[in-house]
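Student: Contents of final_27.pdb (PDB, C-alpha atoms, pLDDT in the B column):
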```pdb
MODEL        1
ATOM      1  CA  MET A   1     109.178  74.560  48.758  1.00 35.00           C
ATOM      2  CA  LEU A   2     109.762  77.018  51.597  1.00 30.00           C
ATOM      3  CA  ASP A   3     105.999  77.595  51.968  1.00 37.00           C
ATOM      4  CA  SER A   4     105.269  73.872  52.285  1.00 36.00           C
ATOM      5  CA  LEU A   5     108.047  73.486  54.849  1.00 29.00           C
ATOM      6  CA  VAL A   6     106.697  76.375  56.924  1.00 29.00           C
ATOM      7  CA  HIS A   7     103.169  74.907  56.652  1.00 36.00           C
ATOM      8  CA  ARG A   8     104.367  71.524  57.918  1.00 35.00           C
ATOM      9  CA  LEU A   9     106.259  73.206  60.738  1.00 30.00           C
ATOM     10  CA  LYS A  10     103.143  75.033  61.915  1.00 37.00           C
ATOM     11  CA  LYS A  11     101.584  71.666  62.673  1.00 41.00           C
ATOM     12  CA  SER A  12     104.535  70.576  64.817  1.00 39.00           C
ATOM     13  CA  ARG A  13     105.500  71.751  68.283  1.00 37.00           C
ATOM     14  CA  PRO A  14     106.752  75.359  68.892  1.00 40.00           C
ATOM     15  CA  VAL A  15     110.258  74.170  69.828  1.00 34.00           C
ATOM     16  CA  HIS A  16     110.564  72.417  66.477  1.00 37.00           C
ATOM     17  CA  ILE A  17     109.265  75.494  64.658  1.00 33.00           C
ATOM     18  CA  THR A  18     111.818  77.756  66.317  1.00 33.00           C
ATOM     19  CA  ALA A  19     114.691  75.381  65.590  1.00 35.00           C
ATOM     20  CA  ALA A  20     113.602  74.821  62.001  1.00 35.00           C
ATOM     21  CA  LEU A  21     113.122  78.527  61.322  1.00 32.00           C
ATOM     22  CA  ALA A  22     116.586  79.191  62.731  1.00 35.00           C
ATOM     23  CA  VAL A  23     118.029  76.640  60.295  1.00 32.00           C
ATOM     24  CA  ILE A  24     116.029  78.095  57.389  1.00 32.00           C
ATOM     25  CA  GLY A  25     117.147  81.625  58.314  1.00 37.00           C
ATOM     26  CA  ALA A  26     120.789  80.567  58.553  1.00 37.00           C
ATOM     27  CA  ALA A  27     120.546  78.815  55.202  1.00 37.00           C
ATOM     28  CA  TRP A  28     118.912  81.861  53.627  1.00 36.00           C
ATOM     29  CA  LEU A  29     121.583  84.198  54.993  1.00 39.00           C
ATOM     30  CA  GLY A  30     124.273  81.806  53.866  1.00 43.00           C
ATOM     31  CA  ALA A  31     123.163  81.674  50.249  1.00 42.00           C
ATOM     32  CA  SER A  32     121.312  83.909  47.861  1.00 43.00           C
ATOM     33  CA  PRO A  33     120.397  82.964  44.280  1.00 39.00           C
ATOM     34  CA  ASP A  34     121.719  86.296  43.006  1.00 41.00           C
ATOM     35  CA  HIS A  35     124.846  86.524  45.111  1.00 43.00           C
ATOM     36  CA  GLY A  36     125.856  82.936  45.812  1.00 45.00           C
ATOM     37  CA  PRO A  37     127.091  81.677  49.166  1.00 48.00           C
ATOM     38  CA  VAL A  38     128.324  84.070  51.840  1.00 51.00           C
ATOM     39  CA  ALA A  39     130.403  82.694  54.671  1.00 51.00           C
ATOM     40  CA  ALA A  40     131.053  84.658  57.845  1.00 56.00           C
ATOM     41  CA  THR A  41     133.981  87.049  57.335  1.00 80.00           C
ATOM     42  CA  GLN A  42     134.436  85.904  53.749  1.00 93.00           C
ATOM     43  CA  VAL A  43     136.987  87.988  51.823  1.00 96.00           C
ATOM     44  CA  LEU A  44     136.070  88.806  48.223  1.00 96.00           C
ATOM     45  CA  GLN A  45     138.283  90.483  45.634  1.00 97.00           C
ATOM     46  CA  CYS A  46     136.036  92.373  43.232  1.00 98.00           C
ATOM     47  CA  THR A  47     135.859  95.489  41.068  1.00 97.00           C
ATOM     48  CA  VAL A  48     133.672  98.529  41.703  1.00 98.00           C
ATOM     49  CA  SER A  49     130.814  98.750  39.223  1.00 98.00           C
ATOM     50  CA  HIS A  50     128.745 101.581  40.751  1.00 97.00           C
ATOM     51  CA  VAL A  51     128.550 103.817  43.819  1.00 98.00           C
ATOM     52  CA  HIS A  52     124.947 104.472  44.835  1.00 97.00           C
ATOM     53  CA  ASP A  53     125.429 106.727  47.861  1.00 97.00           C
ATOM     54  CA  GLY A  54     127.950 107.378  50.627  1.00 97.00           C
ATOM     55  CA  ASP A  55     127.670 103.928  52.199  1.00 97.00           C
ATOM     56  CA  THR A  56     126.464 101.646  49.403  1.00 98.00           C
ATOM     57  CA  LEU A  57     128.130 100.405  46.244  1.00 98.00           C
ATOM     58  CA  ARG A  58     127.926  97.593  43.705  1.00 98.00           C
ATOM     59  CA  ALA A  59     130.844  95.317  42.925  1.00 98.00           C
ATOM     60  CA  ASP A  60     131.469  92.701  40.256  1.00 98.00           C
ATOM     61  CA  CYS A  61     132.839  89.626  41.982  1.00 96.00           C
ATOM     62  CA  PRO A  62     134.161  86.429  40.379  1.00 94.00           C
ATOM     63  CA  GLY A  63     131.677  83.567  40.474  1.00 92.00           C
ATOM     64  CA  ARG A  64     128.606  85.764  40.938  1.00 91.00           C
ATOM     65  CA  LYS A  65     125.827  86.139  38.387  1.00 90.00           C
ATOM     66  CA  LYS A  66     125.004  89.760  39.229  1.00 93.00           C
ATOM     67  CA  SER A  67     126.940  92.614  40.724  1.00 96.00           C
ATOM     68  CA  ALA A  68     126.853  92.421  44.512  1.00 96.00           C
ATOM     69  CA  ARG A  69     125.102  95.188  46.418  1.00 97.00           C
ATOM     70  CA  VAL A  70     127.403  96.139  49.280  1.00 98.00           C
ATOM     71  CA  ARG A  71     126.571  98.137  52.410  1.00 98.00           C
ATOM     72  CA  ILE A  72     129.710  99.444  54.092  1.00 98.00           C
ATOM     73  CA  ARG A  73     129.697  98.254  57.703  1.00 97.00           C
ATOM     74  CA  GLN A  74     129.917 100.500  60.740  1.00 96.00           C
ATOM     75  CA  ILE A  75     129.277 103.804  58.939  1.00 97.00           C
ATOM     76  CA  ASP A  76     126.125 105.697  58.048  1.00 96.00           C
ATOM     77  CA  ALA A  77     126.243 108.301  55.307  1.00 97.00           C
ATOM     78  CA  PRO A  78     123.669 111.025  54.645  1.00 95.00           C
ATOM     79  CA  GLU A  79     120.750 110.031  52.413  1.00 94.00           C
ATOM     80  CA  LEU A  80     120.939 111.409  48.868  1.00 95.00           C
ATOM     81  CA  ASP A  81     118.054 113.823  49.514  1.00 93.00           C
ATOM     82  CA  GLN A  82     119.657 114.976  52.757  1.00 94.00           C
ATOM     83  CA  LYS A  83     122.160 117.803  53.200  1.00 92.00           C
ATOM     84  CA  TYR A  84     125.668 116.472  52.335  1.00 94.00           C
ATOM     85  CA  GLY A  85     124.119 113.366  50.711  1.00 96.00           C
ATOM     86  CA  ILE A  86     125.369 114.101  47.189  1.00 97.00           C
ATOM     87  CA  ALA A  87     128.748 115.280  48.523  1.00 97.00           C
ATOM     88  CA  SER A  88     129.099 112.056  50.510  1.00 97.00           C
ATOM     89  CA  ARG A  89     128.301 109.923  47.447  1.00 98.00           C
ATOM     90  CA  ASP A  90     130.726 111.911  45.311  1.00 98.00           C
ATOM     91  CA  TYR A  91     133.468 111.514  47.909  1.00 98.00           C
ATOM     92  CA  LEU A  92     132.960 107.739  47.946  1.00 98.00           C
ATOM     93  CA  ARG A  93     133.122 107.822  44.134  1.00 98.00           C
ATOM     94  CA  GLN A  94     136.564 109.458  44.425  1.00 98.00           C
ATOM     95  CA  ILE A  95     137.768 106.738  46.806  1.00 98.00           C
ATOM     96  CA  CYS A  96     136.149 103.838  44.925  1.00 98.00           C
ATOM     97  CA  ARG A  97     136.231 104.618  41.219  1.00 98.00           C
ATOM     98  CA  LYS A  98     134.391 102.445  38.724  1.00 97.00           C
ATOM     99  CA  GLY A  99     136.724  99.587  37.771  1.00 97.00           C
ATOM    100  CA  ASP A 100     138.917  99.908  40.888  1.00 97.00           C
ATOM    101  CA  LEU A 101     139.837  96.789  42.804  1.00 97.00           C
ATOM    102  CA  VAL A 102     137.762  96.462  45.960  1.00 98.00           C
ATOM    103  CA  GLN A 103     138.290  94.052  48.827  1.00 98.00           C
ATOM    104  CA  LEU A 104     135.130  93.113  50.697  1.00 98.00           C
ATOM    105  CA  ASN A 105     135.456  91.596  54.164  1.00 97.00           C
ATOM    106  CA  VAL A 106     131.890  90.311  54.269  1.00 97.00           C
ATOM    107  CA  SER A 107     130.354  89.631  57.671  1.00 96.00           C
ATOM    108  CA  SER A 108     126.713  88.998  56.754  1.00 95.00           C
ATOM    109  CA  VAL A 109     123.766  89.918  54.540  1.00 96.00           C
ATOM    110  CA  ASP A 110     121.257  92.561  55.641  1.00 95.00           C
ATOM    111  CA  GLN A 111     117.465  92.631  55.325  1.00 94.00           C
ATOM    112  CA  TYR A 112     117.778  94.268  51.882  1.00 94.00           C
ATOM    113  CA  ASP A 113     119.974  91.409  50.590  1.00 95.00           C
ATOM    114  CA  ARG A 114     123.093  93.600  50.602  1.00 97.00           C
ATOM    115  CA  LEU A 115     126.451  92.217  51.637  1.00 97.00           C
ATOM    116  CA  LEU A 116     127.568  93.886  54.881  1.00 97.00           C
ATOM    117  CA  ALA A 117     131.285  94.386  54.528  1.00 98.00           C
ATOM    118  CA  ASP A 118     134.319  96.292  55.650  1.00 97.00           C
ATOM    119  CA  VAL A 119     135.568  97.724  52.369  1.00 98.00           C
ATOM    120  CA  GLN A 120     138.980  98.620  50.986  1.00 98.00           C
ATOM    121  CA  CYS A 121     139.323 100.305  47.613  1.00 97.00           C
ATOM    122  CA  SER A 122     142.808 100.181  46.145  1.00 92.00           C
ATOM    123  CA  GLY A 123     144.172  99.516  49.654  1.00 93.00           C
ATOM    124  CA  THR A 124     142.289 102.399  51.343  1.00 96.00           C
ATOM    125  CA  ASP A 125     140.017 101.635  54.306  1.00 98.00           C
ATOM    126  CA  VAL A 126     136.803 103.185  53.026  1.00 98.00           C
ATOM    127  CA  GLY A 127     134.972 103.452  56.358  1.00 98.00           C
ATOM    128  CA  ILE A 128     137.779 105.267  58.142  1.00 98.00           C
ATOM    129  CA  THR A 129     138.375 107.525  55.140  1.00 98.00           C
ATOM    130  CA  MET A 130     134.691 108.480  54.825  1.00 98.00           C
ATOM    131  CA  VAL A 131     134.257 109.144  58.555  1.00 98.00           C
ATOM    132  CA  GLY A 132     137.620 110.931  58.809  1.00 98.00           C
ATOM    133  CA  ALA A 133     136.618 113.314  56.002  1.00 98.00           C
ATOM    134  CA  GLY A 134     133.265 114.081  57.609  1.00 97.00           C
ATOM    135  CA  ALA A 135     131.455 112.339  54.750  1.00 97.00           C
ATOM    136  CA  ALA A 136     129.728 109.802  57.041  1.00 97.00           C
ATOM    137  CA  TRP A 137     128.923 109.140  60.669  1.00 96.00           C
ATOM    138  CA  VAL A 138     129.985 106.178  62.732  1.00 96.00           C
ATOM    139  CA  TYR A 139     126.990 103.823  62.881  1.00 92.00           C
ATOM    140  CA  ASP A 140     126.784 103.861  66.689  1.00 89.00           C
ATOM    141  CA  GLN A 141     124.599 100.764  67.025  1.00 88.00           C
ATOM    142  CA  HIS A 142     127.012  98.642  64.964  1.00 86.00           C
ATOM    143  CA  VAL A 143     130.486 100.081  65.511  1.00 92.00           C
ATOM    144  CA  GLU A 144     133.221  97.629  66.488  1.00 94.00           C
ATOM    145  CA  ASN A 145     136.304  99.423  65.223  1.00 95.00           C
ATOM    146  CA  LYS A 146     137.593 102.017  67.704  1.00 96.00           C
ATOM    147  CA  ALA A 147     139.586 103.679  64.902  1.00 97.00           C
ATOM    148  CA  LEU A 148     136.267 104.787  63.376  1.00 97.00           C
ATOM    149  CA  VAL A 149     135.229 106.457  66.623  1.00 97.00           C
ATOM    150  CA  ASP A 150     138.613 108.211  66.792  1.00 97.00           C
ATOM    151  CA  ALA A 151     138.342 109.326  63.142  1.00 98.00           C
ATOM    152  CA  GLN A 152     134.887 110.786  63.788  1.00 96.00           C
ATOM    153  CA  LYS A 153     136.099 112.612  66.896  1.00 97.00           C
ATOM    154  CA  GLN A 154     138.962 114.177  64.912  1.00 98.00           C
ATOM    155  CA  ALA A 155     136.693 115.112  61.985  1.00 97.00           C
ATOM    156  CA  ARG A 156     134.195 116.683  64.352  1.00 95.00           C
ATOM    157  CA  GLN A 157     136.891 118.686  66.173  1.00 96.00           C
ATOM    158  CA  ALA A 158     138.352 119.853  62.849  1.00 97.00           C
ATOM    159  CA  ARG A 159     134.808 120.650  61.560  1.00 96.00           C
ATOM    160  CA  LYS A 160     135.322 118.610  58.399  1.00 97.00           C
ATOM    161  CA  GLY A 161     132.543 117.877  55.929  1.00 96.00           C
ATOM    162  CA  LEU A 162     129.138 117.461  57.541  1.00 95.00           C
ATOM    163  CA  TRP A 163     130.621 118.535  60.879  1.00 95.00           C
ATOM    164  CA  ARG A 164     130.774 122.136  59.549  1.00 95.00           C
ATOM    165  CA  ASP A 165     127.029 122.189  60.122  1.00 91.00           C
ATOM    166  CA  HIS A 166     125.990 122.545  63.768  1.00 84.00           C
ATOM    167  CA  ASP A 167     122.626 121.018  62.853  1.00 82.00           C
ATOM    168  CA  ALA A 168     123.906 117.974  60.944  1.00 83.00           C
ATOM    169  CA  VAL A 169     121.305 115.208  61.242  1.00 86.00           C
ATOM    170  CA  ALA A 170     122.266 111.532  61.155  1.00 84.00           C
ATOM    171  CA  PRO A 171     120.361 109.509  58.520  1.00 84.00           C
ATOM    172  CA  GLY A 172     118.329 107.557  61.087  1.00 81.00           C
ATOM    173  CA  ASN A 173     117.059 110.797  62.632  1.00 81.00           C
ATOM    174  CA  PHE A 174     116.519 112.321  59.170  1.00 75.00           C
ATOM    175  CA  ALA A 175     114.247 109.419  58.191  1.00 61.00           C
ATOM    176  CA  VAL A 176     112.254 109.728  61.438  1.00 60.00           C
ATOM    177  CA  ASN A 177     111.905 113.487  60.947  1.00 60.00           C
ATOM    178  CA  ASN A 178     110.723 112.988  57.346  1.00 58.00           C
ATOM    179  CA  VAL A 179     108.075 110.478  58.447  1.00 51.00           C
ATOM    180  CA  ASN A 180     106.910 112.904  61.141  1.00 49.00           C
ATOM    181  CA  ASN A 181     106.838 115.785  58.629  1.00 49.00           C
ATOM    182  CA  ILE A 182     104.806 113.727  56.140  1.00 47.00           C
ATOM    183  CA  SER A 183     102.438 112.736  58.931  1.00 46.00           C
ATOM    184  CA  ASP A 184     102.042 116.401  59.939  1.00 48.00           C
ATOM    185  CA  ILE A 185     101.407 117.455  56.331  1.00 43.00           C
ATOM    186  CA  CYS A 186      98.788 114.725  55.864  1.00 41.00           C
ATOM    187  CA  HIS A 187      97.139 115.655  59.164  1.00 45.00           C
ATOM    188  CA  ASP A 188      97.105 119.364  58.303  1.00 49.00           C
ATOM    189  CA  SER A 189      95.617 118.732  54.843  1.00 44.00           C
ATOM    190  CA  LEU A 190      92.860 116.546  56.326  1.00 50.00           C
ATOM    191  CA  VAL A 191      92.032 119.085  59.039  1.00 49.00           C
ATOM    192  CA  HIS A 192      91.950 122.038  56.625  1.00 49.00           C
ATOM    193  CA  THR A 193      89.883 120.462  53.850  1.00 50.00           C
TER     194      THR A 193
ENDMDL
END
```
As structure tokens, please, write out the structure in this file.

Tutor:
Amino acid sequence: MLDSLVHRLKKSRPVHITAALAVIGAAWLGASPDHGPVAATQVLQCTVSHVHDGDTLRADCPGRKKSARVRIRQIDAPELDQKYGIASRDYLRQICRKGDLVQLNVSSVDQYDRLLADVQCSGTDVGITMVGAGAAWVYDQHVENKALVDAQKQARQARKGLWRDHDAVAPGNFAVNNVNNISDICHDSLVHT
């Protein structure tokens, strides 16, 4: 159905294509077959089913077929294969234990079909707690809550968690460095063969 609609739109004028794609995109973001509808700043009361890493968890929510994949807004935790990655995940598992009540203040859905939400587990603000413990960074490009910036400043000054390491690398930079390292390795193996 979507393919035929896009095909028909290609034959119409560019203004119509842009408007129609905007409507399709809004509809897609507003509903997902696995997660059901998501309204802007929708509040969901769920239970924690799994913690994947320091900024992602799954939650069982009433009225949803599958557990919802949730990306905690405004923070960025180390990747699991990065220094402090396992510690960050384990810290989130202490805050949000399997079966705990979790409140999701959902703002949108990301490109990986995860709910983007401010999260509270058993009444605890997860983002502020993770950043304040040095278990995650403030996600600079997406931060709206000044309390997160303050929590990070205090954690950094107190050298908590990942801030003990002078060379702590934010996940975005870690990913770029890994791609560059893989590229260098591939280049070196091609040159030396």

Student: Please return, as JSON, numbers by chain, all polymer residues that have at least one atom within 8 Å of the point (126.5, 109.6, 53.9); use all atoms listed in the file and the file's own coordinate frame.

Tutor: {"A": [53, 54, 55, 76, 77, 78, 79, 80, 84, 85, 88, 89, 135, 136, 137, 171]}

Student: How would the residues just chosen look if you wrote them out with C-alpha atoms as a compact mmCIF listing (two decimals), keeping the file's coordinate frame?

Tutor:
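The resulting again-v8.txt:
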```txt
# COMPACT_ATOMS: atom_id res chain seq x y z
CA ASP A 53 125.43 106.73 47.86
CA GLY A 54 127.95 107.38 50.63
CA ASP A 55 127.67 103.93 52.20
CA ASP A 76 126.12 105.70 58.05
CA ALA A 77 126.24 108.30 55.31
CA PRO A 78 123.67 111.02 54.64
CA GLU A 79 120.75 110.03 52.41
CA LEU A 80 120.94 111.41 48.87
CA TYR A 84 125.67 116.47 52.34
CA GLY A 85 124.12 113.37 50.71
CA SER A 88 129.10 112.06 50.51
CA ARG A 89 128.30 109.92 47.45
CA ALA A 135 131.46 112.34 54.75
CA ALA A 136 129.73 109.80 57.04
CA TRP A 137 128.92 109.14 60.67
CA PRO A 171 120.36 109.51 58.52
```

Student: Give the answer as one residue: which of A:Gln94, A:Gly172, A:Val51, A:Val70 has the shortest atom-to-atom distance to Tyr112 in chain A, using all atoms listed in the file?

Tutor: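 With all atoms listed in the file as the atom set, the closest residue is A:Val70.
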
Student: Please report the interatomic distance between CA of Asn145 in chain A and CA of Ala133 in chain A in Å with one decimal.

Tutor: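 That distance, rounded to one decimal, is 16.7 Å.
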
Student: Report the residues retrieved by the PyMOL selection byres ((chain A and resi 97) around 9) from the displayed file, expressed as an MDAnalysis selection string.

Tutor: chainID A and resid 48:51 92:96 98:101 121

Student: Using the chain letters and numbers from the file, give me the residues hit by the PyMOL selection byres ((chain A and resi 157-162) around 12), as a PDB file with C-alpha atoms, keeping the file's coordinate frame.

Tutor:
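Final output, saved to expr.pdb:
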```pdb
ATOM      1  CA  ALA A  77     126.243 108.301  55.307  1.00 97.00           C
ATOM      2  CA  PRO A  78     123.669 111.025  54.645  1.00 95.00           C
ATOM      3  CA  GLN A  82     119.657 114.976  52.757  1.00 94.00           C
ATOM      4  CA  LYS A  83     122.160 117.803  53.200  1.00 92.00           C
ATOM      5  CA  TYR A  84     125.668 116.472  52.335  1.00 94.00           C
ATOM      6  CA  GLY A  85     124.119 113.366  50.711  1.00 96.00           C
ATOM      7  CA  ILE A  86     125.369 114.101  47.189  1.00 97.00           C
ATOM      8  CA  ALA A  87     128.748 115.280  48.523  1.00 97.00           C
ATOM      9  CA  SER A  88     129.099 112.056  50.510  1.00 97.00           C
ATOM     10  CA  TYR A  91     133.468 111.514  47.909  1.00 98.00           C
ATOM     11  CA  THR A 129     138.375 107.525  55.140  1.00 98.00           C
ATOM     12  CA  MET A 130     134.691 108.480  54.825  1.00 98.00           C
ATOM     13  CA  VAL A 131     134.257 109.144  58.555  1.00 98.00           C
ATOM     14  CA  GLY A 132     137.620 110.931  58.809  1.00 98.00           C
ATOM     15  CA  ALA A 133     136.618 113.314  56.002  1.00 98.00           C
ATOM     16  CA  GLY A 134     133.265 114.081  57.609  1.00 97.00           C
ATOM     17  CA  ALA A 135     131.455 112.339  54.750  1.00 97.00           C
ATOM     18  CA  ALA A 136     129.728 109.802  57.041  1.00 97.00           C
ATOM     19  CA  TRP A 137     128.923 109.140  60.669  1.00 96.00           C
ATOM     20  CA  ASP A 150     138.613 108.211  66.792  1.00 97.00           C
ATOM     21  CA  ALA A 151     138.342 109.326  63.142  1.00 98.00           C
ATOM     22  CA  GLN A 152     134.887 110.786  63.788  1.00 96.00           C
ATOM     23  CA  LYS A 153     136.099 112.612  66.896  1.00 97.00           C
ATOM     24  CA  GLN A 154     138.962 114.177  64.912  1.00 98.00           C
ATOM     25  CA  ALA A 155     136.693 115.112  61.985  1.00 97.00           C
ATOM     26  CA  ARG A 156     134.195 116.683  64.352  1.00 95.00           C
ATOM     27  CA  TRP A 163     130.621 118.535  60.879  1.00 95.00           C
ATOM     28  CA  ARG A 164     130.774 122.136  59.549  1.00 95.00           C
ATOM     29  CA  ASP A 165     127.029 122.189  60.122  1.00 91.00           C
ATOM     30  CA  HIS A 166     125.990 122.545  63.768  1.00 84.00           C
ATOM     31  CA  ASP A 167     122.626 121.018  62.853  1.00 82.00           C
ATOM     32  CA  ALA A 168     123.906 117.974  60.944  1.00 83.00           C
ATOM     33  CA  VAL A 169     121.305 115.208  61.242  1.00 86.00           C
ATOM     34  CA  ALA A 170     122.266 111.532  61.155  1.00 84.00           C
ATOM     35  CA  PRO A 171     120.361 109.509  58.520  1.00 84.00           C
TER      36      PRO A 171
END
```

Student: Hey, which of A:Leu148, A:Val102, A:Val109, A:Ile75 ends up closest to Thr47 in chain A? Count only C-alpha atoms.

Tutor: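 Checking each candidate against Thr47 in chain A, we get A:Val102 as the closest.
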
Student: Rounded to one decimal, what separation in Å do you get between CA of Leu104 in chain A and CA of Glu144 in chain A?

Tutor: 16.5 Å

Student: Rounded to one decimal, what separation in Å do you get between CA of Leu57 in chain A and CA of Leu115 in chain A?

Tutor: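 Going from CA of Leu57 in chain A over to CA of Leu115 in chain A, I get 9.9 Å.
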
Student: Quick one: residues within 9 Å of Thr41 in chain A, all atoms listed in the file counted, chain neighbours fewer than 4 positions away excluded, as a list in words?

Tutor: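 In the requested format, the answer is Asn105, Val106, Ser107, Ser108 and Ala117 of chain A.
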